[in-house]
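File shown: run.txt (compact mmCIF, C-alpha atoms).
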```
# COMPACT_ATOMS: atom_id res chain seq x y z
CA MET A 17 -125.47 -13.97 -162.67
CA SER A 18 -123.15 -16.59 -164.03
CA GLY A 19 -119.58 -16.13 -165.22
CA THR A 20 -117.27 -13.18 -164.70
CA ALA A 21 -119.00 -11.16 -167.39
CA GLY A 22 -122.38 -11.11 -165.62
CA ARG A 23 -125.46 -10.62 -167.79
CA ILE A 24 -125.03 -9.75 -171.46
CA ILE A 25 -127.95 -9.02 -173.76
CA GLY A 26 -127.96 -8.89 -177.53
CA VAL A 27 -130.27 -6.49 -179.34
CA VAL A 28 -131.04 -7.37 -182.96
CA ALA A 29 -132.30 -4.37 -184.91
CA GLY A 30 -133.36 -6.10 -188.11
CA PRO A 31 -136.80 -5.49 -189.61
CA GLU A 32 -137.95 -9.05 -188.86
CA PRO A 33 -136.86 -11.76 -186.42
CA GLY A 34 -134.10 -14.20 -187.26
CA GLY A 35 -131.75 -13.88 -190.17
CA ARG A 36 -128.11 -12.92 -190.58
CA THR A 37 -127.93 -10.22 -187.94
CA ALA A 38 -129.55 -12.43 -185.31
CA ALA A 39 -127.07 -15.21 -186.16
CA ALA A 40 -124.15 -12.79 -185.79
CA VAL A 41 -125.38 -11.46 -182.42
CA ALA A 42 -126.03 -15.02 -181.21
CA GLY A 43 -122.48 -15.96 -182.26
CA ILE A 44 -121.01 -13.20 -180.13
CA LEU A 45 -123.26 -14.05 -177.17
CA ALA A 46 -122.24 -17.72 -177.42
CA GLY A 47 -118.59 -16.75 -177.04
CA THR A 48 -119.09 -14.74 -173.85
CA GLY A 49 -119.66 -17.61 -171.44
CA ALA A 50 -122.06 -15.28 -169.63
CA ASP A 51 -125.74 -15.36 -168.79
CA THR A 52 -127.19 -14.04 -172.07
CA ALA A 53 -130.46 -13.11 -173.75
CA LEU A 54 -131.15 -12.23 -177.37
CA ILE A 55 -133.80 -9.56 -177.90
CA GLU A 56 -135.38 -8.91 -181.29
CA LEU A 57 -136.21 -5.20 -181.56
CA SER A 58 -138.88 -6.01 -184.17
CA GLN A 59 -140.71 -8.14 -181.57
CA THR A 60 -140.06 -6.30 -178.30
CA PRO A 61 -141.39 -2.97 -176.97
CA VAL A 62 -138.76 -0.26 -176.55
CA ALA A 63 -139.58 0.17 -172.84
CA GLU A 64 -138.85 -3.52 -172.27
CA ILE A 65 -135.48 -3.21 -174.01
CA THR A 66 -134.43 -0.09 -172.10
CA ALA A 67 -135.38 -1.88 -168.86
CA ALA A 68 -133.19 -4.80 -169.97
CA PHE A 69 -130.30 -2.35 -170.45
CA SER A 70 -130.54 -1.47 -166.75
CA ASP A 71 -130.25 -5.13 -165.72
CA ALA A 72 -127.40 -5.94 -168.12
CA ASP A 73 -123.66 -5.61 -167.59
CA ALA A 74 -123.07 -5.42 -171.35
CA VAL A 75 -124.98 -5.20 -174.62
CA VAL A 76 -124.29 -6.51 -178.10
CA PHE A 77 -125.89 -4.18 -180.64
CA GLY A 78 -126.58 -5.83 -184.00
CA SER A 79 -128.01 -4.22 -187.09
CA PRO A 80 -128.13 -4.73 -190.82
CA VAL A 81 -126.68 -1.80 -192.76
CA TYR A 82 -129.14 0.22 -194.80
CA ARG A 83 -128.13 3.44 -196.56
CA ALA A 84 -124.61 3.19 -195.09
CA GLY A 85 -125.75 3.10 -191.45
CA HIS A 86 -127.56 1.12 -188.78
CA THR A 87 -131.33 0.74 -189.00
CA ALA A 88 -133.85 3.45 -188.20
CA SER A 89 -135.33 1.14 -185.56
CA LEU A 90 -132.00 1.00 -183.71
CA ARG A 91 -131.65 4.76 -184.02
CA ALA A 92 -135.15 5.16 -182.55
CA LEU A 93 -134.29 2.80 -179.68
CA LEU A 94 -131.19 4.81 -178.86
CA GLU A 95 -133.11 8.08 -179.09
CA ALA A 96 -135.64 6.66 -176.60
CA THR A 97 -132.91 5.59 -174.18
CA GLU A 98 -132.19 8.09 -171.43
CA ARG A 99 -128.63 9.04 -170.65
CA GLY A 100 -128.96 10.91 -167.37
CA ARG A 101 -128.74 14.37 -168.91
CA TRP A 102 -131.03 17.35 -169.30
CA GLY A 103 -133.54 16.24 -166.65
CA GLU A 104 -133.51 12.54 -167.54
CA LYS A 105 -133.70 10.31 -164.48
CA THR A 106 -131.82 7.24 -165.75
CA ALA A 107 -128.74 6.32 -167.75
CA PRO A 108 -129.11 2.57 -168.33
CA LEU A 109 -126.17 2.29 -170.76
CA GLN A 110 -123.65 4.49 -168.96
CA GLY A 111 -120.79 2.54 -167.45
CA LYS A 112 -121.58 -0.60 -169.43
CA ALA A 113 -119.56 -2.50 -172.00
CA ALA A 114 -120.83 -3.12 -175.52
CA ALA A 115 -119.97 -4.78 -178.78
CA VAL A 116 -121.21 -3.78 -182.22
CA VAL A 117 -121.92 -6.14 -185.12
CA LEU A 118 -123.30 -4.92 -188.42
CA THR A 119 -124.25 -7.03 -191.41
CA GLY A 120 -124.52 -6.19 -195.07
CA ALA A 121 -124.70 -7.62 -198.56
CA SER A 122 -121.07 -6.73 -199.31
CA GLY A 123 -118.01 -5.38 -197.55
CA HIS A 124 -118.55 -1.88 -198.91
CA HIS A 125 -120.26 -0.54 -195.78
CA PHE A 126 -117.94 -1.83 -193.07
CA LEU A 127 -117.19 1.72 -191.90
CA ALA A 128 -120.80 2.03 -190.70
CA VAL A 129 -119.54 0.26 -187.56
CA ASP A 130 -117.67 3.46 -186.65
CA GLY A 131 -120.84 5.57 -186.58
CA LEU A 132 -122.64 3.30 -184.12
CA ARG A 133 -119.53 2.84 -182.00
CA SER A 134 -119.11 6.63 -181.82
CA VAL A 135 -122.72 7.22 -180.74
CA LEU A 136 -122.47 4.59 -178.00
CA ALA A 137 -119.13 5.83 -176.68
CA GLY A 138 -119.65 9.58 -176.90
CA PHE A 139 -123.38 10.01 -176.37
CA PHE A 140 -123.97 7.22 -173.83
CA ALA A 141 -120.49 6.79 -172.20
CA VAL A 142 -120.39 3.10 -173.10
CA GLN A 143 -117.05 1.29 -173.26
CA VAL A 144 -117.26 -0.19 -176.77
CA LEU A 145 -115.17 -3.15 -177.89
CA SER A 146 -112.96 -2.20 -180.83
CA PRO A 147 -112.87 -3.01 -183.60
CA GLY A 148 -116.51 -3.67 -184.26
CA LEU A 149 -117.54 -6.69 -186.28
CA TYR A 150 -118.91 -6.46 -189.82
CA LEU A 151 -120.10 -9.55 -191.67
CA ASP A 152 -121.19 -9.59 -195.28
CA HIS A 153 -123.07 -12.39 -197.01
CA SER A 154 -119.87 -14.37 -197.58
CA GLY A 155 -119.74 -14.95 -193.81
CA TYR A 156 -122.84 -17.16 -193.88
CA VAL A 157 -123.68 -20.67 -195.00
CA ASP A 158 -127.32 -19.60 -195.32
CA ARG A 159 -129.56 -16.86 -193.93
CA ASN A 160 -129.37 -18.21 -190.37
CA THR A 161 -125.97 -19.92 -190.15
CA LEU A 162 -122.50 -18.41 -189.84
CA THR A 163 -119.61 -20.05 -191.68
CA GLU A 164 -117.10 -21.77 -189.41
CA GLN A 165 -114.66 -18.88 -189.83
CA SER A 166 -117.34 -16.26 -189.02
CA ALA A 167 -118.54 -18.28 -186.02
CA GLU A 168 -114.97 -18.39 -184.69
CA LEU A 169 -114.59 -14.63 -185.24
CA ALA A 170 -117.90 -13.90 -183.51
CA ALA A 171 -116.93 -16.14 -180.57
CA ALA A 172 -113.60 -14.32 -180.30
CA HIS A 173 -115.50 -11.02 -180.09
CA GLY A 174 -117.68 -12.61 -177.42
CA ARG A 175 -114.65 -13.64 -175.35
CA ALA A 176 -113.18 -10.15 -175.71
CA LEU A 177 -116.51 -8.59 -174.70
CA ALA A 178 -116.59 -10.81 -171.60
CA ASP A 179 -113.11 -9.58 -170.66
CA LEU A 180 -114.05 -5.95 -171.32
CA THR A 181 -117.24 -6.37 -169.29
CA ALA A 182 -115.33 -7.79 -166.33
CA ALA A 183 -112.84 -4.90 -166.55
CA VAL A 184 -115.60 -2.28 -166.65
CA ARG A 185 -117.49 -3.93 -163.79
CA GLY A 186 -114.27 -3.91 -161.75
CA SER A 187 -113.45 -0.24 -162.36
CA GLU A 188 -115.29 2.57 -160.61
CA ALA A 189 -113.43 5.01 -162.88
CA LEU A 190 -114.72 3.40 -166.10
CA ARG A 191 -118.28 3.22 -164.78
CA ALA A 192 -118.18 6.87 -163.66
CA ILE A 193 -117.31 8.36 -167.05
CA THR A 194 -120.20 10.48 -168.31
CA PRO A 195 -121.33 11.30 -171.86
CA VAL A 196 -119.41 13.95 -173.82
CA VAL A 197 -122.34 16.41 -173.65
```
In structure tokens, what does this structure look like?
Amino acid sequence: MSGTAGRIIGVVAGPEPGGRTAAAVAGILAGTGADTALIELSQTPVAEITAAFSDADAVVFGSPVYRAGHTASLRALLEATERGRWGEKTAPLQGKAAAVVLTGASGHHFLAVDGLRSVLAGFFAVQVLSPGLYLDHSGYVDRNTLTEQSAELAAAHGRALADLTAAVRGSEALRAITPVV
């Protein structure tokens, strides 16, 4: 592992590889200064992603917003991820840090960040960076490139995630918190 933040993975839950959400996740990862990997959910088996959760110190969850929430593919990934309850043997997200970035056509759905942040914090006992990041189309030069201002904002979230990750890694108490139910 390199850097104080350890290993940070980014999961992009768009329907196809690349695009705005991948650019936003990559922007956050670039700001962390950590050993990072970007994983496209549309191209990677769920079992491989949940295994990557176990090896990561933090995760950036990125999703476009459809119908005022994160994608069904991200929901399915989270539903397939064990949390150490009710006979499950693993809890690969518990005691980790995370950041959330959602993307949409306009600013109207920025509150969708709260739903994903709540699921991660309450259901998985993840320490989630607040506030989440929401970027609409005005935050991009084109489909794959953040504007300078958005890139700076994403990098700032990356630096904050690195700090949060180091704090969580250094605290037995934070890592020991269990899901709400």
Restricting the calculation to all atoms listed in the file: of A:Pro195, A:Pro61, A:Pro147, A:Gly155, which residue gets closest to Ala107 in chain A?
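For Ala107 in chain A, the nearest of the given residues is A:Pro195.
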Nearest-residue call for Leu162 in chain A, choices A:Ala40, A:Ala96, A:Ala46, A:Leu90, using only C-alpha atoms
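Smallest separation from Leu162 in chain A among the options: A:Ala40.
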Near Ala29 in chain A, counting all atoms listed in the file, which residues have an atom at most 8 Å away, once you skip same-chain residues fewer than 3 positions from it, shown as a list in words?
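Using all atoms listed in the file, the neighbours found are Thr37, Glu56, Leu57, Ser58, Phe77, Gly78, Ser79, Pro80, Thr87, Ser89 and Leu90 of chain A.
Distances to Gly30 in chain A were evaluated for A:Ala178, A:Val142, A:Ala172, A:Val117 using only C-alpha atoms, and the minimum falls at A:Val117.
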Between CA of Ala137 in chain A and CA of Ile193 in chain A, what is the spacing in Å?
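So the answer is 10.1 Å.
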Could you check the closest approach to Thr161 in chain A for each of A:Gly131, A:Gly85, A:Gly35, A:Gly138 and tell me which residue wins, using only C-alpha atoms?
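Checking each candidate against Thr161 in chain A, we get A:Gly35 as the closest.
For the pair CA of Ala84 in chain A and CA of Glu168 in chain A, the interatomic distance is 25.8 Å.
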Atomic distance CA of Ala182 in chain A - CA of Leu127 in chain A, expressed in Å with one decimal
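Straight-line distance from CA of Ala182 in chain A to CA of Leu127 in chain A works out to 27.3 Å.
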What are the centre and edge lengths in Å, to one decimal, of the axis-aligned box around all listed atoms of range 66-82 of chain A with 5 Å added on each side, as JSON?
```
{"center_x": -129.2, "center_y": -3.1, "center_z": -180.3, "size_x": 22.3, "size_y": 16.7, "size_z": 39.1}
```
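Shortest atom-to-atom contact with Leu151 in chain A among A:Thr20, A:Thr52, A:Gln165, A:Gln110: A:Gln165, counting only C-alpha atoms.
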For Gly174 in chain A, please output as a list in words all residues within 6 Å (counting all atoms listed in the file; exclusion window: fewer than 4 positions along the same chain).
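The filter keeps Ile44, Leu45, Gly47 and Thr48 of chain A.
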Next, write the just-selected residues to a file, as a short mmCIF file (atom, residue, chain, number, x, y, z; two decimals), in the coordinates of the input, keeping C-alpha atoms as the atom set.
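Resulting contents of selection_15.cif:
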```
data_model
loop_
_atom_site.label_atom_id
_atom_site.label_comp_id
_atom_site.auth_asym_id
_atom_site.auth_seq_id
_atom_site.Cartn_x
_atom_site.Cartn_y
_atom_site.Cartn_z
CA ILE A 44 -121.01 -13.20 -180.13
CA LEU A 45 -123.26 -14.05 -177.17
CA GLY A 47 -118.59 -16.75 -177.04
CA THR A 48 -119.09 -14.74 -173.85
#
```
Measuring between all atoms listed in the file, which one of A:Gly100, A:Gly120, A:Tyr150, A:Ser134 shows the shortest distance to Leu169 in chain A?
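Selected residue with least distance to Leu169 in chain A: A:Tyr150.
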Name all residues at most 12 Å from Ala50 in chain A (count all atoms listed in the file; drop same-chain ones fewer than 3 positions away) and give them as a ChimeraX atom specification.
/A:17-26,44-47,53,72-75,174-179,181-182
Near-Leu136 in chain A list (12 Å; all atoms listed in the file; drop same-chain fewer than 3 positions) as a PDB file with C-alpha atoms, in the coordinates of the input:
```pdb
ATOM      1  CA  VAL A  75    -124.980  -5.200-174.620  1.00  0.00           C
ATOM      2  CA  VAL A  76    -124.290  -6.510-178.100  1.00  0.00           C
ATOM      3  CA  PHE A  77    -125.890  -4.180-180.640  1.00  0.00           C
ATOM      4  CA  LEU A  90    -132.000   1.000-183.710  1.00  0.00           C
ATOM      5  CA  ARG A  91    -131.650   4.760-184.020  1.00  0.00           C
ATOM      6  CA  LEU A  94    -131.190   4.810-178.860  1.00  0.00           C
ATOM      7  CA  GLU A  95    -133.110   8.080-179.090  1.00  0.00           C
ATOM      8  CA  THR A  97    -132.910   5.590-174.180  1.00  0.00           C
ATOM      9  CA  ARG A  99    -128.630   9.040-170.650  1.00  0.00           C
ATOM     10  CA  PRO A 108    -129.110   2.570-168.330  1.00  0.00           C
ATOM     11  CA  LEU A 109    -126.170   2.290-170.760  1.00  0.00           C
ATOM     12  CA  GLN A 110    -123.650   4.490-168.960  1.00  0.00           C
ATOM     13  CA  GLY A 111    -120.790   2.540-167.450  1.00  0.00           C
ATOM     14  CA  LYS A 112    -121.580  -0.600-169.430  1.00  0.00           C
ATOM     15  CA  ALA A 113    -119.560  -2.500-172.000  1.00  0.00           C
ATOM     16  CA  ALA A 114    -120.830  -3.120-175.520  1.00  0.00           C
ATOM     17  CA  ALA A 115    -119.970  -4.780-178.780  1.00  0.00           C
ATOM     18  CA  VAL A 116    -121.210  -3.780-182.220  1.00  0.00           C
ATOM     19  CA  VAL A 129    -119.540   0.260-187.560  1.00  0.00           C
ATOM     20  CA  ASP A 130    -117.670   3.460-186.650  1.00  0.00           C
ATOM     21  CA  GLY A 131    -120.840   5.570-186.580  1.00  0.00           C
ATOM     22  CA  LEU A 132    -122.640   3.300-184.120  1.00  0.00           C
ATOM     23  CA  ARG A 133    -119.530   2.840-182.000  1.00  0.00           C
ATOM     24  CA  PHE A 139    -123.380  10.010-176.370  1.00  0.00           C
ATOM     25  CA  PHE A 140    -123.970   7.220-173.830  1.00  0.00           C
ATOM     26  CA  ALA A 141    -120.490   6.790-172.200  1.00  0.00           C
ATOM     27  CA  VAL A 142    -120.390   3.100-173.100  1.00  0.00           C
ATOM     28  CA  GLN A 143    -117.050   1.290-173.260  1.00  0.00           C
ATOM     29  CA  VAL A 144    -117.260  -0.190-176.770  1.00  0.00           C
ATOM     30  CA  LEU A 145    -115.170  -3.150-177.890  1.00  0.00           C
ATOM     31  CA  GLY A 148    -116.510  -3.670-184.260  1.00  0.00           C
ATOM     32  CA  THR A 194    -120.200  10.480-168.310  1.00  0.00           C
ATOM     33  CA  PRO A 195    -121.330  11.300-171.860  1.00  0.00           C
ATOM     34  CA  VAL A 196    -119.410  13.950-173.820  1.00  0.00           C
TER      35      VAL A 196
END
```
